[in-house]
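Colleague: Structure file coords32.cif (mmCIF, C-alpha atoms, pLDDT in the B column; chains and numbers go by the auth columns) is given on the next line.
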data_query
loop_
_atom_site.group_PDB
_atom_site.id
_atom_site.type_symbol
_atom_site.label_atom_id
_atom_site.label_comp_id
_atom_site.label_asym_id
_atom_site.label_seq_id
_atom_site.Cartn_x
_atom_site.Cartn_y
_atom_site.Cartn_z
_atom_site.B_iso_or_equiv
_atom_site.auth_seq_id
_atom_site.auth_asym_id
ATOM 1 C CA MET A 1 0.437 -94.886 -10.253 49.00 31 A
ATOM 2 C CA PRO A 2 -1.011 -92.049 -8.077 50.00 32 A
ATOM 3 C CA ASN A 3 -4.613 -92.384 -6.992 50.00 33 A
ATOM 4 C CA THR A 4 -6.275 -89.721 -9.190 47.00 34 A
ATOM 5 C CA THR A 5 -9.522 -89.914 -7.259 46.00 35 A
ATOM 6 C CA MET A 6 -7.755 -89.137 -3.999 45.00 36 A
ATOM 7 C CA LEU A 7 -5.873 -86.206 -5.607 42.00 37 A
ATOM 8 C CA LYS A 8 -9.134 -84.708 -6.895 45.00 38 A
ATOM 9 C CA VAL A 9 -10.730 -85.028 -3.479 42.00 39 A
ATOM 10 C CA ASN A 10 -7.744 -83.413 -1.767 47.00 40 A
ATOM 11 C CA HIS A 11 -7.700 -80.614 -4.321 45.00 41 A
ATOM 12 C CA SER A 12 -11.430 -79.991 -3.807 47.00 42 A
ATOM 13 C CA CYS A 13 -10.939 -79.892 -0.047 44.00 43 A
ATOM 14 C CA LEU A 14 -8.262 -77.260 -0.442 40.00 44 A
ATOM 15 C CA LEU A 15 -10.534 -75.105 -2.620 39.00 45 A
ATOM 16 C CA VAL A 16 -13.410 -75.364 -0.145 37.00 46 A
ATOM 17 C CA ALA A 17 -11.141 -74.527 2.795 40.00 47 A
ATOM 18 C CA SER A 18 -9.758 -71.532 0.916 40.00 48 A
ATOM 19 C CA PHE A 19 -13.245 -70.223 0.109 37.00 49 A
ATOM 20 C CA LEU A 20 -14.397 -70.537 3.716 35.00 50 A
ATOM 21 C CA CYS A 21 -11.325 -68.730 5.066 39.00 51 A
ATOM 22 C CA ILE A 22 -11.724 -65.883 2.564 36.00 52 A
ATOM 23 C CA SER A 23 -15.423 -65.551 3.404 39.00 53 A
ATOM 24 C CA ILE A 24 -14.719 -65.450 7.131 33.00 54 A
ATOM 25 C CA SER A 25 -11.884 -62.961 6.707 39.00 55 A
ATOM 26 C CA SER A 26 -14.047 -60.619 4.589 39.00 56 A
ATOM 27 C CA ARG A 27 -16.541 -60.355 7.421 36.00 57 A
ATOM 28 C CA ILE A 28 -14.065 -59.439 10.121 34.00 58 A
ATOM 29 C CA GLY A 29 -14.124 -55.752 11.062 38.00 59 A
ATOM 30 C CA CYS A 30 -14.685 -53.353 13.861 35.00 60 A
ATOM 31 C CA VAL A 31 -16.360 -49.952 13.924 34.00 61 A
ATOM 32 C CA VAL A 32 -15.934 -47.922 17.053 33.00 62 A
ATOM 33 C CA ASP A 33 -17.409 -44.470 17.351 35.00 63 A
ATOM 34 C CA GLY A 34 -18.901 -42.293 20.009 35.00 64 A
ATOM 35 C CA PHE A 35 -17.916 -39.294 22.091 34.00 65 A
ATOM 36 C CA ALA A 36 -14.143 -39.698 21.939 37.00 66 A
ATOM 37 C CA PRO A 37 -11.538 -40.656 19.313 40.00 67 A
ATOM 38 C CA ASN A 38 -10.794 -44.339 18.934 40.00 68 A
ATOM 39 C CA ASN A 39 -7.981 -46.073 17.132 40.00 69 A
ATOM 40 C CA LEU A 40 -9.107 -48.803 14.855 36.00 70 A
ATOM 41 C CA ARG A 41 -6.978 -51.826 14.108 37.00 71 A
ATOM 42 C CA SER A 42 -7.912 -54.098 11.239 40.00 72 A
ATOM 43 C CA THR A 43 -7.463 -57.847 11.580 40.00 73 A
ATOM 44 C CA HIS A 44 -5.759 -59.831 8.801 42.00 74 A
ATOM 45 C CA ILE A 45 -5.899 -63.596 8.701 38.00 75 A
ATOM 46 C CA SER A 46 -3.602 -65.670 6.512 42.00 76 A
ATOM 47 C CA PRO A 47 -4.681 -69.274 7.118 44.00 77 A
ATOM 48 C CA ILE A 48 -2.563 -72.264 6.129 43.00 78 A
ATOM 49 C CA VAL A 49 -3.252 -75.922 5.635 41.00 79 A
ATOM 50 C CA ARG A 50 -0.858 -78.832 5.796 42.00 80 A
ATOM 51 C CA HIS A 51 -1.064 -81.264 2.878 41.00 81 A
ATOM 52 C CA GLY A 52 1.333 -84.021 2.060 43.00 82 A
ATOM 53 C CA GLY A 53 3.890 -82.737 4.558 43.00 83 A
ATOM 54 C CA LEU A 54 3.820 -79.218 3.014 40.00 84 A
ATOM 55 C CA THR A 55 2.591 -75.998 4.608 39.00 85 A
ATOM 56 C CA ILE A 56 0.425 -74.273 1.990 40.00 86 A
ATOM 57 C CA PRO A 57 -0.798 -70.656 2.417 43.00 87 A
ATOM 58 C CA LEU A 58 -4.318 -70.473 0.978 39.00 88 A
ATOM 59 C CA TYR A 59 -4.323 -66.887 -0.166 41.00 89 A
ATOM 60 C CA ALA A 60 -1.102 -65.241 0.948 43.00 90 A
ATOM 61 C CA LYS A 61 -0.221 -62.115 -0.999 47.00 91 A
ATOM 62 C CA GLN A 62 2.867 -62.435 -3.140 49.00 92 A
ATOM 63 C CA LYS A 63 5.234 -59.500 -3.270 49.00 93 A
ATOM 64 C CA LYS A 64 6.125 -58.554 -6.800 54.00 94 A
ATOM 65 C CA LYS A 65 9.713 -57.788 -7.518 56.00 95 A
ATOM 66 C CA SER A 66 10.303 -54.322 -8.802 54.00 96 A
ATOM 67 C CA ASN A 67 13.330 -52.744 -10.371 57.00 97 A
ATOM 68 C CA LYS A 68 12.186 -49.290 -9.307 54.00 98 A
ATOM 69 C CA LYS A 69 14.257 -47.598 -6.659 53.00 99 A
ATOM 70 C CA ALA A 70 12.511 -46.444 -3.495 49.00 100 A
ATOM 71 C CA THR A 71 11.371 -42.836 -3.675 49.00 101 A
ATOM 72 C CA ALA A 72 12.721 -40.579 -0.953 48.00 102 A
ATOM 73 C CA THR A 73 10.090 -39.205 1.410 51.00 103 A
ATOM 74 C CA THR A 74 12.114 -36.523 3.129 53.00 104 A
ATOM 75 C CA THR A 75 13.333 -33.115 2.128 51.00 105 A
ATOM 76 C CA LYS A 76 16.846 -34.509 1.725 55.00 106 A
ATOM 77 C CA GLY A 77 18.023 -35.546 -1.700 59.00 107 A
ATOM 78 C CA PHE A 78 15.606 -35.393 -4.614 65.00 108 A
ATOM 79 C CA GLY A 79 12.470 -36.815 -3.011 78.00 109 A
ATOM 80 C CA ALA A 80 9.185 -34.961 -2.533 84.00 110 A
ATOM 81 C CA ALA A 81 8.743 -33.108 0.750 89.00 111 A
ATOM 82 C CA PRO A 82 6.181 -34.535 3.212 91.00 112 A
ATOM 83 C CA PRO A 83 2.856 -32.657 3.380 94.00 113 A
ATOM 84 C CA THR A 84 2.588 -29.653 5.673 96.00 114 A
ATOM 85 C CA LEU A 85 -0.049 -29.319 8.384 97.00 115 A
ATOM 86 C CA GLU A 86 -1.883 -26.794 6.232 96.00 116 A
ATOM 87 C CA GLU A 87 -1.979 -29.233 3.321 96.00 117 A
ATOM 88 C CA VAL A 88 -3.271 -32.034 5.555 97.00 118 A
ATOM 89 C CA LEU A 89 -5.970 -29.815 7.073 96.00 119 A
ATOM 90 C CA SER A 90 -7.102 -28.556 3.677 96.00 120 A
ATOM 91 C CA ALA A 91 -7.952 -32.133 2.650 96.00 121 A
ATOM 92 C CA PHE A 92 -10.368 -32.624 5.568 97.00 122 A
ATOM 93 C CA LYS A 93 -14.094 -32.048 5.210 95.00 123 A
ATOM 94 C CA THR A 94 -15.633 -29.077 6.971 94.00 124 A
ATOM 95 C CA ARG A 95 -19.061 -28.096 8.244 95.00 125 A
ATOM 96 C CA LEU A 96 -18.408 -24.397 7.767 95.00 126 A
ATOM 97 C CA PRO A 97 -21.524 -23.002 6.034 94.00 127 A
ATOM 98 C CA GLU A 98 -21.471 -20.672 3.065 92.00 128 A
ATOM 99 C CA ASP A 99 -21.482 -17.012 4.076 94.00 129 A
ATOM 100 C CA ALA A 100 -20.484 -18.141 7.587 96.00 130 A
ATOM 101 C CA ASN A 101 -19.619 -14.620 8.749 96.00 131 A
ATOM 102 C CA ASN A 102 -23.273 -13.608 8.519 97.00 132 A
ATOM 103 C CA GLN A 103 -24.646 -16.788 10.085 96.00 133 A
ATOM 104 C CA SER A 104 -25.733 -17.003 13.726 97.00 134 A
ATOM 105 C CA CYS A 105 -22.790 -18.213 15.783 98.00 135 A
ATOM 106 C CA PRO A 106 -23.332 -21.812 16.991 97.00 136 A
ATOM 107 C CA CYS A 107 -22.176 -20.915 20.522 97.00 137 A
ATOM 108 C CA GLY A 108 -25.550 -19.345 21.315 95.00 138 A
ATOM 109 C CA SER A 109 -24.387 -15.764 21.867 96.00 139 A
ATOM 110 C CA GLU A 110 -27.128 -14.460 19.525 95.00 140 A
ATOM 111 C CA LYS A 111 -24.415 -12.685 17.522 97.00 141 A
ATOM 112 C CA VAL A 112 -23.326 -13.427 13.982 98.00 142 A
ATOM 113 C CA TYR A 113 -20.155 -15.482 13.611 98.00 143 A
ATOM 114 C CA ASP A 114 -18.111 -12.521 12.326 98.00 144 A
ATOM 115 C CA ASP A 115 -18.833 -10.587 15.541 97.00 145 A
ATOM 116 C CA CYS A 116 -18.429 -13.547 17.879 98.00 146 A
ATOM 117 C CA CYS A 117 -16.163 -16.588 17.437 98.00 147 A
ATOM 118 C CA GLY A 118 -14.947 -15.635 13.955 98.00 148 A
ATOM 119 C CA PRO A 119 -12.185 -13.219 15.088 98.00 149 A
ATOM 120 C CA LEU A 120 -10.956 -15.809 17.602 98.00 150 A
ATOM 121 C CA HIS A 121 -10.841 -18.535 14.946 98.00 151 A
ATOM 122 C CA ARG A 122 -8.970 -16.247 12.549 97.00 152 A
ATOM 123 C CA GLY A 123 -6.436 -15.245 15.206 96.00 153 A
ATOM 124 C CA ASP A 124 -7.507 -11.594 15.153 97.00 154 A
ATOM 125 C CA GLN A 125 -8.327 -11.770 18.872 97.00 155 A
ATOM 126 C CA LYS A 126 -7.108 -13.854 21.811 98.00 156 A
ATOM 127 C CA CYS A 127 -9.251 -15.734 24.295 98.00 157 A
ATOM 128 C CA LEU A 128 -9.012 -13.351 27.252 98.00 158 A
ATOM 129 C CA THR A 129 -11.625 -15.196 29.308 98.00 159 A
ATOM 130 C CA MET A 130 -12.366 -18.845 29.977 98.00 160 A
ATOM 131 C CA THR A 131 -15.785 -18.323 28.408 98.00 161 A
ATOM 132 C CA ASP A 132 -14.078 -17.172 25.204 98.00 162 A
ATOM 133 C CA VAL A 133 -12.284 -20.530 25.034 98.00 163 A
ATOM 134 C CA LEU A 134 -15.436 -22.482 25.844 98.00 164 A
ATOM 135 C CA ARG A 135 -17.643 -20.787 23.252 98.00 165 A
ATOM 136 C CA SER A 136 -15.037 -20.680 20.485 98.00 166 A
ATOM 137 C CA ARG A 137 -14.121 -24.353 20.949 98.00 167 A
ATOM 138 C CA TYR A 138 -17.790 -25.347 20.875 98.00 168 A
ATOM 139 C CA THR A 139 -18.170 -23.507 17.569 98.00 169 A
ATOM 140 C CA ALA A 140 -14.941 -25.094 16.291 98.00 170 A
ATOM 141 C CA PHE A 141 -16.268 -28.584 17.025 97.00 171 A
ATOM 142 C CA SER A 142 -19.656 -27.680 15.565 97.00 172 A
ATOM 143 C CA TRP A 143 -18.170 -26.464 12.276 97.00 173 A
ATOM 144 C CA ARG A 144 -15.199 -28.862 12.256 97.00 174 A
ATOM 145 C CA ASN A 145 -12.337 -26.408 12.728 97.00 175 A
ATOM 146 C CA ILE A 146 -9.674 -28.931 13.729 98.00 176 A
ATOM 147 C CA GLN A 147 -6.751 -26.506 13.792 97.00 177 A
ATOM 148 C CA TYR A 148 -8.483 -24.228 16.309 98.00 178 A
ATOM 149 C CA VAL A 149 -9.229 -27.152 18.604 98.00 179 A
ATOM 150 C CA MET A 150 -5.501 -27.952 18.627 98.00 180 A
ATOM 151 C CA ASP A 151 -4.449 -24.303 18.964 98.00 181 A
ATOM 152 C CA THR A 152 -6.560 -23.814 22.117 98.00 182 A
ATOM 153 C CA THR A 153 -5.437 -27.018 23.846 98.00 183 A
ATOM 154 C CA HIS A 154 -2.888 -26.447 26.613 98.00 184 A
ATOM 155 C CA PRO A 155 0.272 -28.618 26.578 97.00 185 A
ATOM 156 C CA ASP A 156 -0.711 -29.992 30.004 96.00 186 A
ATOM 157 C CA CYS A 157 -3.844 -31.550 28.486 97.00 187 A
ATOM 158 C CA ARG A 158 -3.644 -35.308 27.980 94.00 188 A
ATOM 159 C CA ASP A 159 -5.017 -34.846 24.441 94.00 189 A
ATOM 160 C CA TYR A 160 -2.109 -32.612 23.455 97.00 190 A
ATOM 161 C CA ARG A 161 0.300 -34.009 20.846 97.00 191 A
ATOM 162 C CA GLU A 162 3.669 -32.685 19.709 97.00 192 A
ATOM 163 C CA ASP A 163 3.090 -34.272 16.302 97.00 193 A
ATOM 164 C CA ARG A 164 0.354 -31.944 15.078 97.00 194 A
ATOM 165 C CA ILE A 165 -0.150 -33.741 11.788 97.00 195 A
ATOM 166 C CA ALA A 166 -0.789 -37.067 13.523 97.00 196 A
ATOM 167 C CA TRP A 167 -2.994 -35.276 16.061 97.00 197 A
ATOM 168 C CA ALA A 168 -5.016 -33.612 13.310 97.00 198 A
ATOM 169 C CA LYS A 169 -5.502 -36.924 11.520 97.00 199 A
ATOM 170 C CA ASP A 170 -6.741 -38.577 14.727 96.00 200 A
ATOM 171 C CA LEU A 171 -9.237 -35.757 15.339 96.00 201 A
ATOM 172 C CA ASN A 172 -10.423 -35.959 11.752 96.00 202 A
ATOM 173 C CA LYS A 173 -10.872 -39.716 12.008 95.00 203 A
ATOM 174 C CA GLY A 174 -12.852 -39.934 15.210 92.00 204 A
ATOM 175 C CA GLY A 175 -12.783 -36.813 17.352 92.00 205 A
ATOM 176 C CA MET A 176 -15.144 -34.343 15.691 92.00 206 A
ATOM 177 C CA PHE A 177 -18.539 -35.847 16.635 92.00 207 A
ATOM 178 C CA ASP A 178 -19.506 -36.443 12.999 94.00 208 A
ATOM 179 C CA SER A 179 -22.473 -38.617 13.983 92.00 209 A
ATOM 180 C CA PHE A 180 -24.137 -35.783 15.897 94.00 210 A
ATOM 181 C CA GLU A 181 -25.575 -32.320 15.428 95.00 211 A
ATOM 182 C CA PHE A 182 -24.561 -29.656 17.927 96.00 212 A
ATOM 183 C CA VAL A 183 -27.813 -28.367 19.404 97.00 213 A
ATOM 184 C CA LYS A 184 -26.959 -26.145 22.359 96.00 214 A
ATOM 185 C CA LEU A 185 -24.224 -24.925 24.705 98.00 215 A
ATOM 186 C CA GLU A 186 -25.037 -23.864 28.243 97.00 216 A
ATOM 187 C CA GLY A 187 -22.059 -22.288 30.005 96.00 217 A
ATOM 188 C CA GLY A 188 -21.774 -21.688 33.738 97.00 218 A
ATOM 189 C CA GLU A 189 -19.907 -19.131 35.826 97.00 219 A
ATOM 190 C CA GLU A 190 -16.134 -18.817 35.725 98.00 220 A
ATOM 191 C CA GLU A 191 -14.308 -19.899 38.903 98.00 221 A
ATOM 192 C CA LEU A 192 -10.722 -18.912 39.629 97.00 222 A
ATOM 193 C CA SER A 193 -8.559 -21.330 41.580 97.00 223 A
ATOM 194 C CA ASP A 194 -7.833 -20.387 45.193 96.00 224 A
ATOM 195 C CA ASP A 195 -4.204 -21.418 44.721 96.00 225 A
ATOM 196 C CA ASP A 196 -3.353 -19.977 41.312 97.00 226 A
ATOM 197 C CA GLU A 197 -4.877 -16.952 39.579 96.00 227 A
ATOM 198 C CA ASN A 198 -3.852 -18.426 36.224 98.00 228 A
ATOM 199 C CA VAL A 199 -5.991 -21.529 36.693 98.00 229 A
ATOM 200 C CA GLY A 200 -9.772 -21.583 36.509 98.00 230 A
ATOM 201 C CA PHE A 201 -12.825 -23.758 35.966 98.00 231 A
ATOM 202 C CA VAL A 202 -16.149 -23.596 34.152 98.00 232 A
ATOM 203 C CA GLU A 203 -19.039 -26.056 34.301 97.00 233 A
ATOM 204 C CA PHE A 204 -21.153 -26.358 31.162 97.00 234 A
ATOM 205 C CA LYS A 205 -23.563 -28.608 29.288 97.00 235 A
ATOM 206 C CA VAL A 206 -23.631 -29.571 25.610 97.00 236 A
ATOM 207 C CA THR A 207 -26.683 -31.026 23.904 97.00 237 A
ATOM 208 C CA LEU A 208 -26.022 -33.312 20.925 95.00 238 A
ATOM 209 C CA ARG A 209 -28.560 -34.865 18.556 95.00 239 A
ATOM 210 C CA ALA A 210 -27.890 -38.185 16.786 94.00 240 A
ATOM 211 C CA LYS A 211 -27.995 -37.880 13.006 93.00 241 A
ATOM 212 C CA GLU A 212 -28.843 -41.541 12.412 89.00 242 A
ATOM 213 C CA ASP A 213 -29.646 -44.764 14.194 88.00 243 A
ATOM 214 C CA ARG A 214 -26.654 -46.218 16.000 77.00 244 A
ATOM 215 C CA GLY A 215 -28.016 -49.502 17.274 76.00 245 A
ATOM 216 C CA ALA A 216 -28.728 -49.588 20.978 71.00 246 A
ATOM 217 C CA SER A 217 -26.551 -46.529 21.701 70.00 247 A
ATOM 218 C CA ALA A 218 -28.677 -43.910 19.915 75.00 248 A
ATOM 219 C CA VAL A 219 -31.676 -43.402 17.648 90.00 249 A
ATOM 220 C CA ALA A 220 -31.832 -40.759 14.934 92.00 250 A
ATOM 221 C CA GLY A 221 -33.094 -37.534 16.466 94.00 251 A
ATOM 222 C CA GLN A 222 -32.354 -38.627 20.028 93.00 252 A
ATOM 223 C CA GLU A 223 -30.684 -35.929 22.116 94.00 253 A
ATOM 224 C CA THR A 224 -27.910 -36.541 24.624 93.00 254 A
ATOM 225 C CA VAL A 225 -26.739 -34.024 27.222 95.00 255 A
ATOM 226 C CA ILE A 226 -23.081 -34.080 28.241 94.00 256 A
ATOM 227 C CA SER A 227 -21.901 -32.156 31.313 96.00 257 A
ATOM 228 C CA GLU A 228 -18.300 -31.164 31.911 96.00 258 A
ATOM 229 C CA ARG A 229 -16.297 -29.287 34.499 96.00 259 A
ATOM 230 C CA SER A 230 -13.371 -27.941 32.515 97.00 260 A
ATOM 231 C CA LYS A 231 -10.048 -26.641 33.694 98.00 261 A
ATOM 232 C CA PHE A 232 -8.438 -23.701 31.896 98.00 262 A
ATOM 233 C CA VAL A 233 -4.925 -22.265 32.155 98.00 263 A
ATOM 234 C CA ARG A 234 -3.906 -18.676 31.464 98.00 264 A
ATOM 235 C CA ASP A 235 -0.624 -17.656 29.843 98.00 265 A
ATOM 236 C CA PRO A 236 0.769 -14.854 32.050 97.00 266 A
ATOM 237 C CA SER A 237 2.739 -13.420 29.127 97.00 267 A
ATOM 238 C CA ASP A 238 -0.301 -12.359 27.103 97.00 268 A
ATOM 239 C CA GLY A 239 -3.316 -13.144 29.313 97.00 269 A
ATOM 240 C CA SER A 240 -4.774 -15.731 26.923 98.00 270 A
ATOM 241 C CA TRP A 241 -6.582 -18.822 28.226 98.00 271 A
ATOM 242 C CA SER A 242 -6.551 -22.383 26.858 98.00 272 A
ATOM 243 C CA TYR A 243 -8.273 -25.680 27.640 98.00 273 A
ATOM 244 C CA ALA A 244 -6.349 -28.004 29.972 98.00 274 A
ATOM 245 C CA SER A 245 -8.688 -30.814 31.064 97.00 275 A
ATOM 246 C CA GLY A 246 -12.247 -31.751 31.951 95.00 276 A
ATOM 247 C CA ASP A 247 -14.363 -34.232 33.875 93.00 277 A
ATOM 248 C CA VAL A 248 -17.135 -35.390 31.538 92.00 278 A
ATOM 249 C CA ARG A 249 -20.510 -36.715 32.709 85.00 279 A
ATOM 250 C CA SER A 250 -23.713 -37.717 30.956 79.00 280 A
ATOM 251 C CA GLU A 251 -27.289 -37.064 32.050 73.00 281 A
ATOM 252 C CA VAL A 252 -28.275 -40.553 30.957 59.00 282 A
ATOM 253 C CA ALA A 253 -30.128 -42.275 33.819 53.00 283 A
ATOM 254 C CA GLY A 254 -27.656 -44.100 36.040 49.00 284 A
ATOM 255 C CA LEU A 255 -24.582 -42.206 34.756 47.00 285 A
ATOM 256 C CA GLU A 256 -25.217 -38.800 36.283 53.00 286 A
ATOM 257 C CA ASP A 257 -22.421 -39.107 38.854 54.00 287 A
ATOM 258 C CA THR A 258 -20.020 -41.112 36.694 48.00 288 A
ATOM 259 C CA THR A 259 -16.935 -39.452 35.213 48.00 289 A
ATOM 260 C CA LEU A 260 -16.885 -40.797 31.659 43.00 290 A
ATOM 261 C CA ASN A 261 -13.316 -39.845 30.779 49.00 291 A
ATOM 262 C CA ALA A 262 -11.599 -40.746 34.058 44.00 292 A
#
Let me see whether you can do it: turn the structure in this file into structure tokens.
Modeller:
Amino acid sequence: MPNTTMLKVNHSCLLVASFLCISISSRIGCVVDGFAPNNLRSTHISPIVRHGGLTIPLYAKQKKKSNKKATATTTKGFGAAPPTLEEVLSAFKTRLPEDANNQSCPCGSEKVYDDCCGPLHRGDQKCLTMTDVLRSRYTAFSWRNIQYVMDTTHPDCRDYREDRIAWAKDLNKGGMFDSFEFVKLEGGEEELSDDDENVGFVEFKVTLRAKEDRGASAVAGQETVISERSKFVRDPSDGSWSYASGDVRSEVAGLEDTTLNA
């Protein structure tokens, strides 16, 4: 005869162990945010216990058998075509205000958007100076124009991606400074390279204001000043400039001479 008391005890132990593992697993997570995109990786735990010589998963997910055939995800055959870049971008949130064309341009030019960065964002004009790129990209980040940020990034830039859909999704997830308000842009003088007339530099400062408390890193309303010396490259075929790289520094005490994105 089996010892029923022992079986009940063992069964209770298994239930308690399962509950503890589920509770611990539900609390595991990681949130990383700040001034640059970050990839997040979730952690999944599938604990096991050994009982009576058997390995027992406590809460492993069971795959259900299905008679349905896999749906094609390419344009071949009868499956649905994958989404286009335009479709992906249209699903992202935006900070573009209503009647944006008549709003003051965020870049600080004291012009309305329609007479300033608007034509550049719409593709009606090209960035014929480094300052054009600087101001229009600042406005693009401020109002969350992800496509323009990609369009004005030179292929030599380490942020550049051939897969524009994946790139757009990464920017949407953690590269558009959603935790901050864009307060001010202060652009410096343009400097042409001594070695190449199609390469130039501009030093500038951006002031950001935290929208909410972020633990020890920021308090709601706190302003942070970021300095950058950016490199720009000109396309000789049409004279247009694009962003190629930048050395980023913060004016936080102790970090003034530290390159944050080295």
Colleague: May I ask for the distance between atom CA of Met206 of chain A and atom CA of Phe171 of chain A, given in Å to one decimal place?
Modeller: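 Rounded to one decimal, the two atoms are 6.0 Å apart.
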Colleague: So, with only C-alpha atoms as the atoms that count, which of A:Asn228, A:Ser209, A:Thr114, A:Thr124 lies closest to Ala170 of chain A?
Modeller: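 Residue with the minimum atom-to-atom distance to Ala170 of chain A: A:Thr124.
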Colleague: A:Arg188, A:Ser172, A:Gly230, A:Ser272: which is nearest Pro127 of chain A, counting all atoms listed in the file?
Modeller: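 Between A:Arg188, A:Ser172, A:Gly230, A:Ser272, the residue approaching Pro127 of chain A most closely is A:Ser172.
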Colleague: Which distance in Å separates atom CA of Tyr168 of chain A and atom CA of Ser260 of chain A, to one decimal?
Modeller: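 So the two atoms, atom CA of Tyr168 of chain A and atom CA of Ser260 of chain A, lie 12.7 Å apart.
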Colleague: Which residues are near Glu253 of chain A? Cut-off 12 Å, only C-alpha atoms, ignore same chain within fewer than 5 positions. Put them as JSON, numbers by chain.
Modeller: {"A": [209, 210, 211, 212, 213, 214, 236, 237, 238, 239, 240, 241, 242, 243, 247, 248, 280, 281, 282]}
Colleague: What's the separation between atom CA of Gly204 of chain A and atom CA of Lys156 of chain A, in Å to one decimal place?
Modeller: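 Answer for the atom CA of Gly204 of chain A to atom CA of Lys156 of chain A separation: 27.5 Å.
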Colleague: Point out the residue among A:Gly217, A:Pro185, A:Pro149, A:Gly109 with the least atom-to-atom distance to Leu164 of chain A, counting only C-alpha atoms.
Modeller: A:Gly217
Colleague: Using only C-alpha atoms, which of A:Leu222, A:Ala111, A:Ile256, A:Val278 sits nearest Met160 of chain A?
Modeller: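 Ranked by minimum distance to Met160 of chain A, first place goes to A:Leu222.
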Colleague: With distances taken over only C-alpha atoms, which of A:Ala198, A:Ala121, A:Cys135, A:Leu215 is nearest to Val255 of chain A?
Modeller: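 Among the listed residues, the smallest separation from Val255 of chain A belongs to A:Leu215.
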Colleague: With a distance cut-off of 6 Å and only C-alpha atoms, select the neighbouring residues of Ser134 of chain A, excluding the residue or stretch itself and same-chain residues fewer than 2 positions from it, and output the selection as a list in words.
Modeller: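 Everything that qualifies: Lys141, Val142 and Tyr143 of chain A.
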Colleague: Once the PyMOL selection byres ((chain A and resi 177) around 12) is applied to the coordinates I shared, what remains selected? I want it as number ranges by chain.
Modeller: A: 115-120, 122, 124, 151-153, 167, 170-171, 173-176, 178-183, 194-195, 197-199, 201-202, 206
Colleague: Would you put the residues from that selection into a file with C-alpha atoms, as a compact mmCIF listing (two decimals), in the coordinates of the input?
Modeller:
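selection.txt, written as the output of this step:
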# COMPACT_ATOMS: atom_id res chain seq x y z
CA LEU A 115 -0.05 -29.32 8.38
CA GLU A 116 -1.88 -26.79 6.23
CA GLU A 117 -1.98 -29.23 3.32
CA VAL A 118 -3.27 -32.03 5.56
CA LEU A 119 -5.97 -29.82 7.07
CA SER A 120 -7.10 -28.56 3.68
CA PHE A 122 -10.37 -32.62 5.57
CA THR A 124 -15.63 -29.08 6.97
CA HIS A 151 -10.84 -18.54 14.95
CA ARG A 152 -8.97 -16.25 12.55
CA GLY A 153 -6.44 -15.24 15.21
CA ARG A 167 -14.12 -24.35 20.95
CA ALA A 170 -14.94 -25.09 16.29
CA PHE A 171 -16.27 -28.58 17.02
CA TRP A 173 -18.17 -26.46 12.28
CA ARG A 174 -15.20 -28.86 12.26
CA ASN A 175 -12.34 -26.41 12.73
CA ILE A 176 -9.67 -28.93 13.73
CA TYR A 178 -8.48 -24.23 16.31
CA VAL A 179 -9.23 -27.15 18.60
CA MET A 180 -5.50 -27.95 18.63
CA ASP A 181 -4.45 -24.30 18.96
CA THR A 182 -6.56 -23.81 22.12
CA THR A 183 -5.44 -27.02 23.85
CA ARG A 194 0.35 -31.94 15.08
CA ILE A 195 -0.15 -33.74 11.79
CA TRP A 197 -2.99 -35.28 16.06
CA ALA A 198 -5.02 -33.61 13.31
CA LYS A 199 -5.50 -36.92 11.52
CA LEU A 201 -9.24 -35.76 15.34
CA ASN A 202 -10.42 -35.96 11.75
CA MET A 206 -15.14 -34.34 15.69
